[in-house]
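upload-v1.tsv follows; it contains TSV, C-alpha atoms and all ligand atoms.
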```tsv
chain	number	residue	atom	x	y	z
F	1	MET	CA	-3.08	37.94	31.34
F	2	THR	CA	-0.39	37.37	28.77
F	3	ASP	CA	1.50	34.17	29.00
F	4	LEU	CA	4.94	35.35	27.97
F	5	THR	CA	6.08	31.88	27.00
F	6	GLY	CA	3.40	32.00	24.31
F	7	THR	CA	1.63	28.86	25.53
F	8	PRO	CA	-1.98	28.78	24.37
F	9	GLN	CA	-4.76	28.48	26.93
F	10	ILE	CA	-7.52	26.06	26.04
F	11	PHE	CA	-11.07	25.70	27.41
F	12	GLY	CA	-13.97	23.38	26.61
F	13	THR	CA	-14.10	20.85	23.79
F	14	TRP	CA	-10.97	21.44	21.79
F	15	GLU	CA	-9.61	19.24	19.04
F	16	ALA	CA	-6.44	19.72	17.01
F	17	LEU	CA	-7.67	19.40	13.43
F	18	THR	CA	-5.43	19.49	10.41
F	19	ALA	CA	-6.17	21.93	7.62
F	20	VAL	CA	-5.05	19.53	4.93
F	21	SER	CA	-7.95	17.23	4.20
F	22	HIS	CA	-10.54	16.85	1.47
F	23	HIS	CA	-13.23	17.71	4.04
F	24	TYR	CA	-11.77	21.12	4.62
F	25	ALA	CA	-12.79	24.64	3.58
F	26	ALA	CA	-11.51	28.05	4.66
F	27	MET	CA	-11.80	31.78	4.10
F	28	ASN	CA	-10.01	34.88	5.35
F	29	LEU	CA	-11.70	38.19	5.88
F	30	HIS	CA	-11.47	41.36	7.85
F	31	ALA	CA	-13.38	42.19	11.03
F	32	THR	CA	-13.81	45.84	10.01
F	33	HIS	CA	-15.41	44.76	6.73
F	34	LEU	CA	-17.95	42.72	8.68
F	35	ALA	CA	-18.58	45.57	11.10
F	36	ASN	CA	-18.92	48.22	8.36
F	37	HIS	CA	-21.53	46.28	6.43
F	38	TRP	CA	-23.41	44.24	9.00
F	39	ARG	CA	-25.21	42.12	6.41
F	40	ARG	CA	-21.87	40.60	5.44
F	41	ASN	CA	-22.24	38.48	8.57
F	42	SER	CA	-25.53	36.91	7.55
F	43	LEU	CA	-24.50	36.68	3.89
F	44	SER	CA	-21.35	34.78	4.81
F	45	SER	CA	-23.19	32.51	7.22
F	46	ASP	CA	-26.03	31.75	4.82
F	47	TYR	CA	-23.54	30.97	2.08
F	48	TRP	CA	-21.46	28.57	4.17
F	49	ALA	CA	-24.55	27.01	5.73
F	50	ALA	CA	-26.04	26.21	2.33
F	51	TYR	CA	-22.65	25.06	1.06
F	52	ALA	CA	-22.21	22.64	3.96
F	53	ALA	CA	-25.81	21.40	4.02
F	54	LEU	CA	-25.57	20.13	0.44
F	55	GLN	CA	-23.71	17.09	1.72
F	56	ILE	CA	-26.84	15.94	3.56
F	57	PRO	CA	-28.81	13.47	1.41
F	58	GLU	CA	-32.35	14.42	0.42
F	59	THR	CA	-33.76	11.76	2.67
F	60	VAL	CA	-32.12	10.86	5.94
F	61	PRO	CA	-32.69	7.99	8.39
F	62	THR	CA	-34.62	8.79	11.57
F	63	GLY	CA	-32.49	10.46	14.18
F	64	TRP	CA	-30.51	12.44	11.62
F	65	LEU	CA	-31.04	16.10	10.86
F	66	ARG	CA	-32.71	16.90	7.55
F	67	ARG	CA	-30.84	19.05	5.03
F	68	ASP	CA	-33.09	22.05	5.68
F	69	ASP	CA	-32.61	21.72	9.41
F	70	VAL	CA	-28.83	21.56	9.06
F	71	ASN	CA	-29.04	24.65	6.86
F	72	TYR	CA	-30.97	26.53	9.57
F	73	VAL	CA	-28.74	25.40	12.43
F	74	LEU	CA	-25.60	26.39	10.56
F	75	SER	CA	-27.01	29.75	9.44
F	76	TYR	CA	-27.77	30.57	13.06
F	77	LEU	CA	-24.47	29.26	14.38
F	78	LEU	CA	-22.23	30.86	11.77
F	79	ASN	CA	-24.07	34.17	11.96
F	80	GLU	CA	-23.53	34.28	15.73
F	81	LEU	CA	-19.83	33.54	15.26
F	82	PHE	CA	-19.32	36.03	12.43
F	83	GLU	CA	-21.19	38.67	14.47
F	84	ASN	CA	-18.91	38.02	17.43
F	85	CYS	CA	-15.81	38.46	15.27
F	86	ALA	CA	-17.28	41.72	13.95
F	87	LYS	CA	-18.27	43.01	17.38
F	88	PHE	CA	-15.40	41.93	19.58
F	89	SER	CA	-12.22	42.02	17.47
F	90	ALA	CA	-9.91	44.57	19.03
F	91	GLY	CA	-6.36	45.80	18.66
F	92	PRO	CA	-4.14	46.16	15.61
F	93	GLU	CA	-4.84	42.77	14.04
F	94	GLN	CA	-8.28	42.55	12.42
F	95	THR	CA	-7.98	39.40	10.35
F	96	VAL	CA	-10.76	36.84	10.73
F	97	HIS	CA	-10.03	33.27	9.69
F	98	TYR	CA	-12.93	30.90	9.03
F	99	GLN	CA	-12.30	27.15	8.82
F	100	ALA	CA	-14.66	24.21	8.42
F	101	TRP	CA	-14.36	20.44	8.50
F	102	PHE	CA	-17.24	18.53	6.93
F	103	GLU	CA	-17.44	14.93	8.09
F	104	ASP	CA	-20.12	12.26	7.75
F	105	GLU	CA	-21.50	12.50	11.27
F	106	ARG	CA	-20.45	15.96	12.32
F	107	MET	CA	-19.10	19.30	11.22
F	108	VAL	CA	-16.55	21.42	13.01
F	109	PHE	CA	-16.18	25.15	12.49
F	110	GLN	CA	-13.34	27.26	13.76
F	111	PHE	CA	-13.25	31.03	13.82
F	112	THR	CA	-10.12	32.99	14.61
F	113	ASN	CA	-10.19	36.64	15.49
F	114	HIS	CA	-7.87	38.87	17.52
F	115	ILE	CA	-8.15	40.85	20.70
F	116	THR	CA	-5.74	42.66	23.03
F	117	PRO	CA	-4.13	40.75	25.92
F	118	ALA	CA	-6.15	42.92	28.33
F	119	GLY	CA	-9.34	41.56	26.75
F	120	GLU	CA	-8.53	37.95	27.62
F	121	ARG	CA	-9.57	37.92	31.29
F	122	PRO	CA	-13.19	39.07	30.97
F	123	PHE	CA	-13.79	36.72	28.05
F	124	ILE	CA	-12.23	33.77	29.89
F	125	THR	CA	-14.39	34.50	32.95
F	126	LEU	CA	-17.47	34.36	30.73
F	127	ILE	CA	-16.30	31.14	29.09
F	128	GLN	CA	-15.77	29.49	32.44
F	129	GLU	CA	-19.25	30.48	33.57
F	130	LEU	CA	-20.63	29.10	30.32
F	131	LEU	CA	-18.78	25.80	30.57
F	132	THR	CA	-19.49	25.11	34.23
F	133	SER	CA	-23.14	26.19	34.53
F	134	ASP	CA	-26.31	24.37	33.68
F	135	PRO	CA	-27.16	25.95	30.28
F	136	ASP	CA	-30.89	25.87	30.93
F	137	GLU	CA	-30.61	27.64	34.26
F	138	LEU	CA	-28.06	30.17	33.03
F	139	TYR	CA	-30.22	30.95	29.97
F	140	PHE	CA	-33.31	31.89	31.96
F	141	GLN	CA	-31.25	33.68	34.57
F	142	LYS	CA	-29.63	35.83	31.82
F	143	LEU	CA	-32.99	36.64	30.24
F	144	GLU	CA	-34.39	37.84	33.56
F	145	GLU	CA	-31.23	39.88	34.21
F	146	ASN	CA	-31.30	41.38	30.72
F	147	ALA	CA	-34.93	42.39	31.22
F	148	GLU	CA	-33.93	44.39	34.29
F	149	GLN	CA	-31.21	46.47	32.69
F	150	GLU	CA	-30.35	48.18	29.44
F	151	ILE	CA	-27.21	46.46	28.16
F	152	SER	CA	-26.00	46.19	24.61
F	153	ALA	CA	-24.35	42.76	24.87
F	154	SER	CA	-27.13	40.29	25.54
F	155	GLY	CA	-24.77	37.38	26.12
F	156	LEU	CA	-27.11	34.79	24.61
F	157	GLY	CA	-25.14	33.70	21.53
F	158	TYR	CA	-23.14	30.75	22.85
F	159	LEU	CA	-25.79	29.93	25.43
F	160	THR	CA	-28.60	29.43	22.88
F	161	LEU	CA	-26.27	27.36	20.70
F	162	ILE	CA	-25.39	25.09	23.61
F	163	LYS	CA	-28.86	24.90	25.13
F	164	ASP	CA	-31.12	24.70	22.07
F	165	TYR	CA	-28.83	22.95	19.58
F	166	GLY	CA	-26.45	20.91	21.73
F	167	ILE	CA	-23.42	22.45	20.02
F	168	GLN	CA	-20.13	21.97	21.88
F	169	PHE	CA	-17.58	24.74	22.05
F	170	GLY	CA	-13.86	24.96	22.51
F	171	PHE	CA	-11.85	28.15	23.00
F	172	ARG	CA	-8.14	28.76	22.56
F	173	PHE	CA	-6.19	31.91	23.37
F	174	ARG	CA	-2.83	32.26	21.61
F	175	PRO	CA	-0.58	35.16	22.61
F	176	ILE	CA	0.99	36.58	19.44
F	177	ASN	CA	2.85	39.57	20.92
F	178	ALA	CA	2.41	42.28	23.56
F	179	GLU	CA	-0.57	43.77	21.70
F	180	ILE	CA	-2.26	40.83	20.06
F	181	THR	CA	-3.90	37.64	21.25
F	182	ALA	CA	-5.52	35.30	18.74
F	183	VAL	CA	-8.84	33.80	19.83
F	184	ASP	CA	-9.88	30.51	18.22
F	185	VAL	CA	-13.47	29.43	18.76
F	186	GLN	CA	-14.35	25.88	17.75
F	187	ALA	CA	-17.96	24.71	17.31
F	188	HIS	CA	-18.73	20.99	17.10
F	189	VAL	CA	-22.04	20.24	15.40
F	190	SER	CA	-23.48	16.74	15.41
F	191	LEU	CA	-25.52	15.84	12.33
F	192	LYS	CA	-27.69	13.59	14.46
F	193	GLU	CA	-30.72	15.00	16.23
F	194	ALA	CA	-29.64	15.97	19.74
F	195	ALA	CA	-31.40	13.93	22.39
F	196	PHE	CA	-33.02	16.35	24.81
A	1	MET	CA	-58.93	49.12	12.02
A	2	SER	CA	-55.33	50.18	11.76
A	3	VAL	CA	-52.21	48.46	10.60
A	4	GLU	CA	-48.74	49.63	11.62
A	5	ILE	CA	-45.54	48.49	10.04
A	6	VAL	CA	-41.90	48.61	11.04
A	7	SER	CA	-39.57	47.37	8.35
A	8	GLY	CA	-35.93	47.16	7.37
A	9	GLU	CA	-34.00	45.79	4.43
A	10	GLU	CA	-34.76	42.20	5.28
A	11	TYR	CA	-37.70	42.20	7.67
A	12	THR	CA	-41.20	43.50	8.24
A	13	VAL	CA	-43.08	43.58	11.52
A	14	THR	CA	-46.79	44.32	11.26
A	15	TYR	CA	-49.23	45.15	14.01
A	16	ASN	CA	-52.86	44.75	13.10
A	17	ASP	CA	-55.17	45.99	15.85
A	18	SER	CA	-58.31	44.37	14.49
A	19	THR	CA	-56.81	40.88	14.59
A	20	GLU	CA	-54.76	41.80	17.68
A	21	SER	CA	-51.66	40.34	16.12
A	22	LEU	CA	-48.01	41.07	15.51
A	23	THR	CA	-46.61	39.39	12.40
A	24	PHE	CA	-42.87	38.94	11.81
A	25	ASP	CA	-41.57	38.41	8.29
A	26	GLY	CA	-38.20	37.84	6.68
A	27	SER	CA	-34.94	37.84	8.59
A	28	MET	CA	-34.14	39.85	11.73
A	29	ARG	CA	-30.43	39.80	12.45
A	30	LEU	CA	-29.79	43.34	13.60
A	31	ARG	CA	-26.64	44.48	15.32
A	32	THR	CA	-27.70	45.98	18.64
A	33	SER	CA	-30.67	46.37	20.93
A	34	GLU	CA	-30.78	50.03	19.80
A	35	GLU	CA	-31.41	48.85	16.25
A	36	TYR	CA	-34.19	46.62	17.57
A	37	GLU	CA	-35.80	49.57	19.37
A	38	PRO	CA	-38.43	50.41	16.68
A	39	ILE	CA	-39.57	46.78	16.77
A	40	ASN	CA	-39.66	46.87	20.54
A	41	GLU	CA	-41.78	50.02	20.45
A	42	LEU	CA	-44.26	48.45	18.06
A	43	MET	CA	-44.59	45.41	20.33
A	44	GLN	CA	-45.11	47.67	23.36
A	45	GLN	CA	-47.75	49.59	21.46
A	46	ALA	CA	-49.52	46.34	20.58
A	47	LEU	CA	-49.44	45.32	24.22
A	48	SER	CA	-50.93	48.57	25.47
A	49	SER	CA	-53.58	48.64	22.70
A	50	THR	CA	-54.84	45.14	23.42
A	51	PRO	CA	-57.83	45.25	25.79
A	52	GLU	CA	-57.34	43.55	29.13
A	53	GLY	CA	-58.03	39.82	28.99
A	54	ASN	CA	-57.70	39.60	25.20
A	55	LEU	CA	-55.03	37.48	23.59
A	56	LEU	CA	-52.22	39.15	21.66
A	57	THR	CA	-50.89	36.92	18.88
A	58	MET	CA	-47.24	36.94	17.84
A	59	ASP	CA	-46.89	35.19	14.53
A	60	PHE	CA	-43.33	34.13	13.68
A	61	SER	CA	-44.25	31.58	11.02
A	62	SER	CA	-42.70	33.64	8.19
A	63	LEU	CA	-39.62	34.69	10.10
A	64	LYS	CA	-36.77	32.65	8.66
A	65	PHE	CA	-33.97	33.97	10.84
A	66	LEU	CA	-33.60	35.66	14.19
A	67	ASN	CA	-30.24	36.25	15.87
A	68	SER	CA	-29.54	35.99	19.59
A	69	SER	CA	-29.95	39.75	20.05
A	70	GLY	CA	-33.41	39.35	18.52
A	71	ILE	CA	-34.19	36.46	20.86
A	72	ASN	CA	-33.25	38.79	23.71
A	73	ILE	CA	-35.67	41.49	22.49
A	74	ILE	CA	-38.56	39.07	22.06
A	75	SER	CA	-37.87	37.50	25.47
A	76	ARG	CA	-37.73	40.91	27.13
A	77	PHE	CA	-41.11	41.69	25.63
A	78	VAL	CA	-42.60	38.46	26.99
A	79	ILE	CA	-41.21	39.31	30.43
A	80	ALA	CA	-42.72	42.82	30.15
A	81	ALA	CA	-46.10	41.30	29.24
A	82	ARG	CA	-45.78	38.91	32.18
A	83	LYS	CA	-45.08	41.82	34.52
A	84	GLN	CA	-48.11	43.67	33.20
A	85	GLY	CA	-50.07	40.46	33.60
A	86	THR	CA	-53.27	41.49	31.80
A	87	VAL	CA	-52.73	40.40	28.19
A	88	PRO	CA	-51.87	36.73	27.59
A	89	LEU	CA	-49.81	35.91	24.50
A	90	LYS	CA	-50.21	33.40	21.72
A	91	VAL	CA	-47.02	32.53	19.86
A	92	VAL	CA	-47.38	30.99	16.41
A	93	GLY	CA	-44.45	29.16	14.85
A	94	ASN	CA	-43.59	27.14	11.79
A	95	GLN	CA	-42.57	23.48	12.06
A	96	ASP	CA	-40.40	23.75	8.96
A	97	ILE	CA	-38.21	26.50	10.36
A	98	TYR	CA	-35.84	24.69	12.66
A	99	TRP	CA	-35.00	27.52	15.07
A	100	GLN	CA	-38.70	27.99	15.78
A	101	GLN	CA	-39.09	24.34	16.76
A	102	LYS	CA	-36.05	24.66	18.99
A	103	SER	CA	-36.39	28.09	20.55
A	104	LEU	CA	-39.98	29.34	20.60
A	105	THR	CA	-41.00	27.06	23.47
A	106	ASN	CA	-38.50	28.90	25.65
A	107	LEU	CA	-40.97	31.81	25.67
A	108	GLN	CA	-43.53	29.68	27.45
A	109	ARG	CA	-40.99	28.91	30.12
A	110	LEU	CA	-40.69	32.64	30.75
A	111	TRP	CA	-44.42	32.94	31.34
A	112	SER	CA	-46.93	30.13	31.62
A	113	SER	CA	-49.68	32.32	30.06
A	114	VAL	CA	-47.89	32.06	26.70
A	115	GLN	CA	-49.63	29.60	24.39
A	116	ILE	CA	-47.37	28.07	21.76
A	117	GLU	CA	-48.75	26.83	18.46
A	118	ILE	CA	-46.18	25.31	16.10
A	119	GLN	CA	-47.94	24.54	12.80
I	201	LIG	N1	-14.86	36.16	19.07
I	201	LIG	C1	-14.82	36.83	20.24
I	201	LIG	N2	-13.76	37.62	20.55
I	201	LIG	C2	-13.73	38.30	21.71
I	201	LIG	N3	-14.69	38.26	22.65
I	201	LIG	C3	-15.76	37.49	22.40
I	201	LIG	C4	-15.88	36.74	21.18
I	201	LIG	N4	-17.04	36.05	21.22
I	201	LIG	C5	-17.61	36.37	22.39
I	201	LIG	N5	-16.88	37.23	23.10
I	201	LIG	C6	-17.23	37.75	24.45
I	201	LIG	O1	-18.13	36.80	25.02
I	201	LIG	C7	-19.40	37.41	25.31
I	201	LIG	C8	-20.52	36.41	25.03
I	201	LIG	O2	-20.70	36.21	23.64
I	201	LIG	P1	-22.15	35.80	23.10
I	201	LIG	O3	-22.07	35.67	21.63
I	201	LIG	O4	-22.61	34.62	23.85
I	201	LIG	O5	-23.07	37.03	23.51
I	201	LIG	P2	-23.09	38.54	22.92
I	201	LIG	O6	-22.41	38.58	21.60
I	201	LIG	O7	-22.64	39.45	23.98
I	201	LIG	O8	-24.65	38.81	22.70
I	201	LIG	P3	-25.59	38.10	21.61
I	201	LIG	O9	-24.75	37.08	20.89
I	201	LIG	O10	-26.68	37.50	22.39
I	201	LIG	O11	-26.04	39.18	20.71
I	201	LIG	C9	-19.42	38.66	24.50
I	201	LIG	O12	-20.21	39.66	25.10
I	201	LIG	C10	-17.95	39.06	24.43
I	201	LIG	O13	-17.58	39.75	25.59
I	202	MG	MG	-22.79	37.10	20.14
```

Rewrite the structure from the file as structure tokens, please.
Amino acid sequence: MTDLTGTPQIFGTWEALTAVSHHYAAMNLHATHLANHWRRNSLSSDYWAAYAALQIPETVPTGWLRRDDVNYVLSYLLNELFENCAKFSAGPEQTVHYQAWFEDERMVFQFTNHITPAGERPFITLIQELLTSDPDELYFQKLEENAEQEISASGLGYLTLIKDYGIQFGFRFRPINAEITAVDVQAHVSLKEAAF
Amino acid sequence: MSVEIVSGEEYTVTYNDSTESLTFDGSMRLRTSEEYEPINELMQQALSSTPEGNLLTMDFSSLKFLNSSGINIISRFVIAARKQGTVPLKVVGNQDIYWQQKSLTNLQRLWSSVQIEIQ
């Protein structure tokens, strides 16, 4: 559904963050590049994960994630988000915009890719299911469903990130024109060990 | 004794029938379930070659990365083993690899006959 006034639709944990700050890093790339050479997803995620994790001191107080752990969490997270940009970008605009904010107690990552207005509805339905369900229940329900049928989209990316790592997500849909909607996905990562 | 290997640019999966174990090495972040199919077939072969009542070991301790599509494939396999019901699984993980600490125990919640050993 295209909102012709151009008002963005927002779901989940969304924060307006400014790009101009000394904590900030960004990169632009192309979804077709990621799709054509699949390893570009993991290469990009491993690079940015290692880059970000360097801010974690070699020893951390109890309750904080160790540098290696942060590196692993971010590699997994960023790879899932790069893969999604590679898999699900659609329409004439294929730019992918990566942004990161590195703070003392948390990191925020924002990925922008583009889809067609017709692609909004199904994605929003999924997001609403994700944000309103119990992640644990939904996770095991999806695994049992996936075991029953042969489907190519396993639908576990966001769910594992929420359930196993306590990462919070925000989603924003910005209509650009009749053919293009920008999708911004924000991931909020706490540098403290999640209490489960 | 026979050893079978499925490998790609960044990963190796080995099935050793004398130790009744599947060993995963490297990084598995493939694009689709079709690309995971050779790995799936090797796991299925391991399952059907393991005598009833014996334990099949799945050793992930050298697997640094696995994407969510890979988690789906491994979970599907555990569900298949549960449905067959004759070969219990032992899952070995590595304490130093954070995703293993976080995600391998989920396999036990799919089937209570999965033993988890995080070393
Ligand atoms: N960046 C995106 N742009 C457009 N649609 C997206 C995007 N990210 C996710 N989606 C939609 O949301 C669904 C869920 O994404 P998620 O990453 O959780 O699972 P998946 O990519 O389908 O499978 P998996 O990540 O387990 O391999 C996708 O199937 C897709 O329809
Ligand atoms: Mg995904």

Quick one: which residues from chain A are at most 12 Å off chain F, using only C-alpha atoms, as a PyMOL selection string?
chain A and resi 8-10+27-37+63-83+95-111

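Nearest to Glu103 (chain F) of all the residues F:Ser45, F:Asn36, F:Thr18, F:Gln55 is F:Gln55, based on all atoms listed in the file.
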
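Comparing the minimum interatomic distances between ligand LIG 201 (chain I) and each of F:Phe88, F:Phe173, F:Trp101, F:Phe82, counting all atoms listed in the file, we find that F:Phe88 sits nearest.
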
List as a PyMOL selection string the protein and nucleic acid residues near region 166-171 of chain F, meaning an atom at most 7 Å away when all atoms listed in the file are counted, but skip any in the same chain fewer than 3 places from it.
chain F and resi 10-14+161-163+184-189+194

Quick one: of F:Cys85, F:Val20, F:Met27, F:Leu191, who's nearest to ligand LIG 201 (chain I), counting all atoms listed in the file?
F:Cys85

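Nearest to Phe60 (chain A) of all the residues A:Ile5, A:Val92, A:Val114, A:Met43 is A:Val92, based on all atoms listed in the file.
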
Need the axis-aligned box for region 65-79 of chain A with 4 Å each side, so what are the centre and edges in Å to one decimal, as JSON?
```
{"center_x": -36.1, "center_y": 37.8, "center_z": 20.6, "size_x": 21.1, "size_y": 15.7, "size_z": 27.6}
```

One number please: CA of Pro135 (chain F) to atom O2 of ligand LIG 201 (chain I), in Å, one decimal.
13.8 Å

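Across the model, the gap from CA of Leu138 (chain F) to CA of Ala182 (chain F) is 27.2 Å.
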
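Of the listed residues (F:Leu78, F:Ala118, F:Leu131, F:Leu34), F:Leu78 comes nearest to ligand MG 202 (chain I); the distances count all atoms listed in the file.
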
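Going from CA of Ala16 (chain F) over to atom C4 of ligand LIG 201 (chain I), you cover 19.9 Å.
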
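Nearest to ligand MG 202 (chain I) of all the residues F:Val60, F:Leu29, F:Leu43, F:Leu81 is F:Leu81, counting only C-alpha atoms and all ligand atoms.
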
Region 84-86 of chain A environment, 9 Å, only C-alpha atoms, sequence neighbours closer than 4 positions dropped, as a list in words:
Pro51, Glu52, Gly53, Asn54, Ile79, Ala80 and Ser113 of chain A

Tell me which protein, DNA and RNA residues are within 12 Å of Val3 (chain A), counting all atoms listed in the file, leaving out same-chain ones fewer than 6 positions away, and put them as a list in words.
Val13, Thr14, Tyr15, Asn16, Asp17, Ser18, Thr19, Glu20, Ser21, Leu22, Thr23, Leu42, Gln45 and Ala46 of chain A

Would you mind completing region 55-83 of chain A to N, CA and C atoms and writing the output as an mmCIF file, keeping the file's coordinate frame?
```cif
data_model
loop_
_atom_site.group_PDB
_atom_site.id
_atom_site.type_symbol
_atom_site.label_atom_id
_atom_site.label_comp_id
_atom_site.auth_asym_id
_atom_site.auth_seq_id
_atom_site.Cartn_x
_atom_site.Cartn_y
_atom_site.Cartn_z
ATOM 1 N N LEU A 55 -56.272 38.147 23.943
ATOM 2 C CA LEU A 55 -55.030 37.480 23.590
ATOM 3 C C LEU A 55 -54.303 38.278 22.506
ATOM 4 N N LEU A 56 -53.037 38.533 22.714
ATOM 5 C CA LEU A 56 -52.220 39.150 21.660
ATOM 6 C C LEU A 56 -51.424 38.054 20.965
ATOM 7 N N THR A 57 -51.578 37.971 19.632
ATOM 8 C CA THR A 57 -50.890 36.920 18.880
ATOM 9 C C THR A 57 -49.566 37.448 18.330
ATOM 10 N N MET A 58 -48.536 36.637 18.464
ATOM 11 C CA MET A 58 -47.240 36.940 17.840
ATOM 12 C C MET A 58 -46.954 35.839 16.842
ATOM 13 N N ASP A 59 -47.010 36.206 15.574
ATOM 14 C CA ASP A 59 -46.890 35.190 14.530
ATOM 15 C C ASP A 59 -45.482 35.247 13.907
ATOM 16 N N PHE A 60 -44.713 34.200 14.191
ATOM 17 C CA PHE A 60 -43.330 34.130 13.680
ATOM 18 C C PHE A 60 -43.207 33.222 12.466
ATOM 19 N N SER A 61 -44.342 32.696 11.982
ATOM 20 C CA SER A 61 -44.250 31.580 11.020
ATOM 21 C C SER A 61 -43.583 31.957 9.687
ATOM 22 N N SER A 62 -43.440 33.251 9.398
ATOM 23 C CA SER A 62 -42.700 33.640 8.190
ATOM 24 C C SER A 62 -41.357 34.281 8.510
ATOM 25 N N LEU A 63 -40.918 34.134 9.733
ATOM 26 C CA LEU A 63 -39.620 34.690 10.100
ATOM 27 C C LEU A 63 -38.550 33.602 9.971
ATOM 28 N N LYS A 64 -37.746 33.715 8.926
ATOM 29 C CA LYS A 64 -36.770 32.650 8.660
ATOM 30 C C LYS A 64 -35.594 32.672 9.618
ATOM 31 N N PHE A 65 -35.140 33.883 9.974
ATOM 32 C CA PHE A 65 -33.970 33.970 10.840
ATOM 33 C C PHE A 65 -34.151 35.034 11.916
ATOM 34 N N LEU A 66 -33.622 34.712 13.078
ATOM 35 C CA LEU A 66 -33.600 35.660 14.190
ATOM 36 C C LEU A 66 -32.280 35.429 14.907
ATOM 37 N N ASN A 67 -31.510 36.473 15.162
ATOM 38 C CA ASN A 67 -30.240 36.250 15.870
ATOM 39 C C ASN A 67 -30.452 36.298 17.381
ATOM 40 N N SER A 68 -29.373 36.078 18.135
ATOM 41 C CA SER A 68 -29.540 35.990 19.590
ATOM 42 C C SER A 68 -29.936 37.344 20.183
ATOM 43 N N SER A 69 -29.502 38.436 19.562
ATOM 44 C CA SER A 69 -29.950 39.750 20.050
ATOM 45 C C SER A 69 -31.456 39.898 19.858
ATOM 46 N N GLY A 70 -31.971 39.329 18.774
ATOM 47 C CA GLY A 70 -33.410 39.350 18.520
ATOM 48 C C GLY A 70 -34.160 38.482 19.518
ATOM 49 N N ILE A 71 -33.576 37.323 19.846
ATOM 50 C CA ILE A 71 -34.190 36.460 20.860
ATOM 51 C C ILE A 71 -34.278 37.207 22.187
ATOM 52 N N ASN A 72 -33.244 37.983 22.478
ATOM 53 C CA ASN A 72 -33.250 38.790 23.710
ATOM 54 C C ASN A 72 -34.399 39.797 23.712
ATOM 55 N N ILE A 73 -34.608 40.474 22.580
ATOM 56 C CA ILE A 73 -35.670 41.490 22.490
ATOM 57 C C ILE A 73 -37.055 40.867 22.655
ATOM 58 N N ILE A 74 -37.269 39.743 21.976
ATOM 59 C CA ILE A 74 -38.560 39.070 22.060
ATOM 60 C C ILE A 74 -38.797 38.562 23.498
ATOM 61 N N SER A 75 -37.743 38.021 24.106
ATOM 62 C CA SER A 75 -37.870 37.500 25.470
ATOM 63 C C SER A 75 -38.149 38.623 26.469
ATOM 64 N N ARG A 76 -37.482 39.739 26.273
ATOM 65 C CA ARG A 76 -37.730 40.910 27.130
ATOM 66 C C ARG A 76 -39.180 41.342 27.050
ATOM 67 N N PHE A 77 -39.714 41.289 25.825
ATOM 68 C CA PHE A 77 -41.110 41.690 25.630
ATOM 69 C C PHE A 77 -42.036 40.729 26.374
ATOM 70 N N VAL A 78 -41.759 39.443 26.293
ATOM 71 C CA VAL A 78 -42.600 38.460 26.990
ATOM 72 C C VAL A 78 -42.539 38.700 28.500
ATOM 73 N N ILE A 79 -41.347 39.027 29.000
ATOM 74 C CA ILE A 79 -41.210 39.310 30.430
ATOM 75 C C ILE A 79 -41.997 40.586 30.805
ATOM 76 N N ALA A 80 -41.952 41.584 29.906
ATOM 77 C CA ALA A 80 -42.720 42.820 30.150
ATOM 78 C C ALA A 80 -44.223 42.514 30.185
ATOM 79 N N ALA A 81 -44.677 41.673 29.271
ATOM 80 C CA ALA A 81 -46.100 41.300 29.240
ATOM 81 C C ALA A 81 -46.472 40.521 30.502
ATOM 82 N N ARG A 82 -45.549 39.679 30.941
ATOM 83 C CA ARG A 82 -45.780 38.910 32.180
ATOM 84 C C ARG A 82 -45.911 39.864 33.363
ATOM 85 N N LYS A 83 -45.046 40.872 33.399
ATOM 86 C CA LYS A 83 -45.080 41.820 34.520
ATOM 87 C C LYS A 83 -46.371 42.624 34.506
#
```
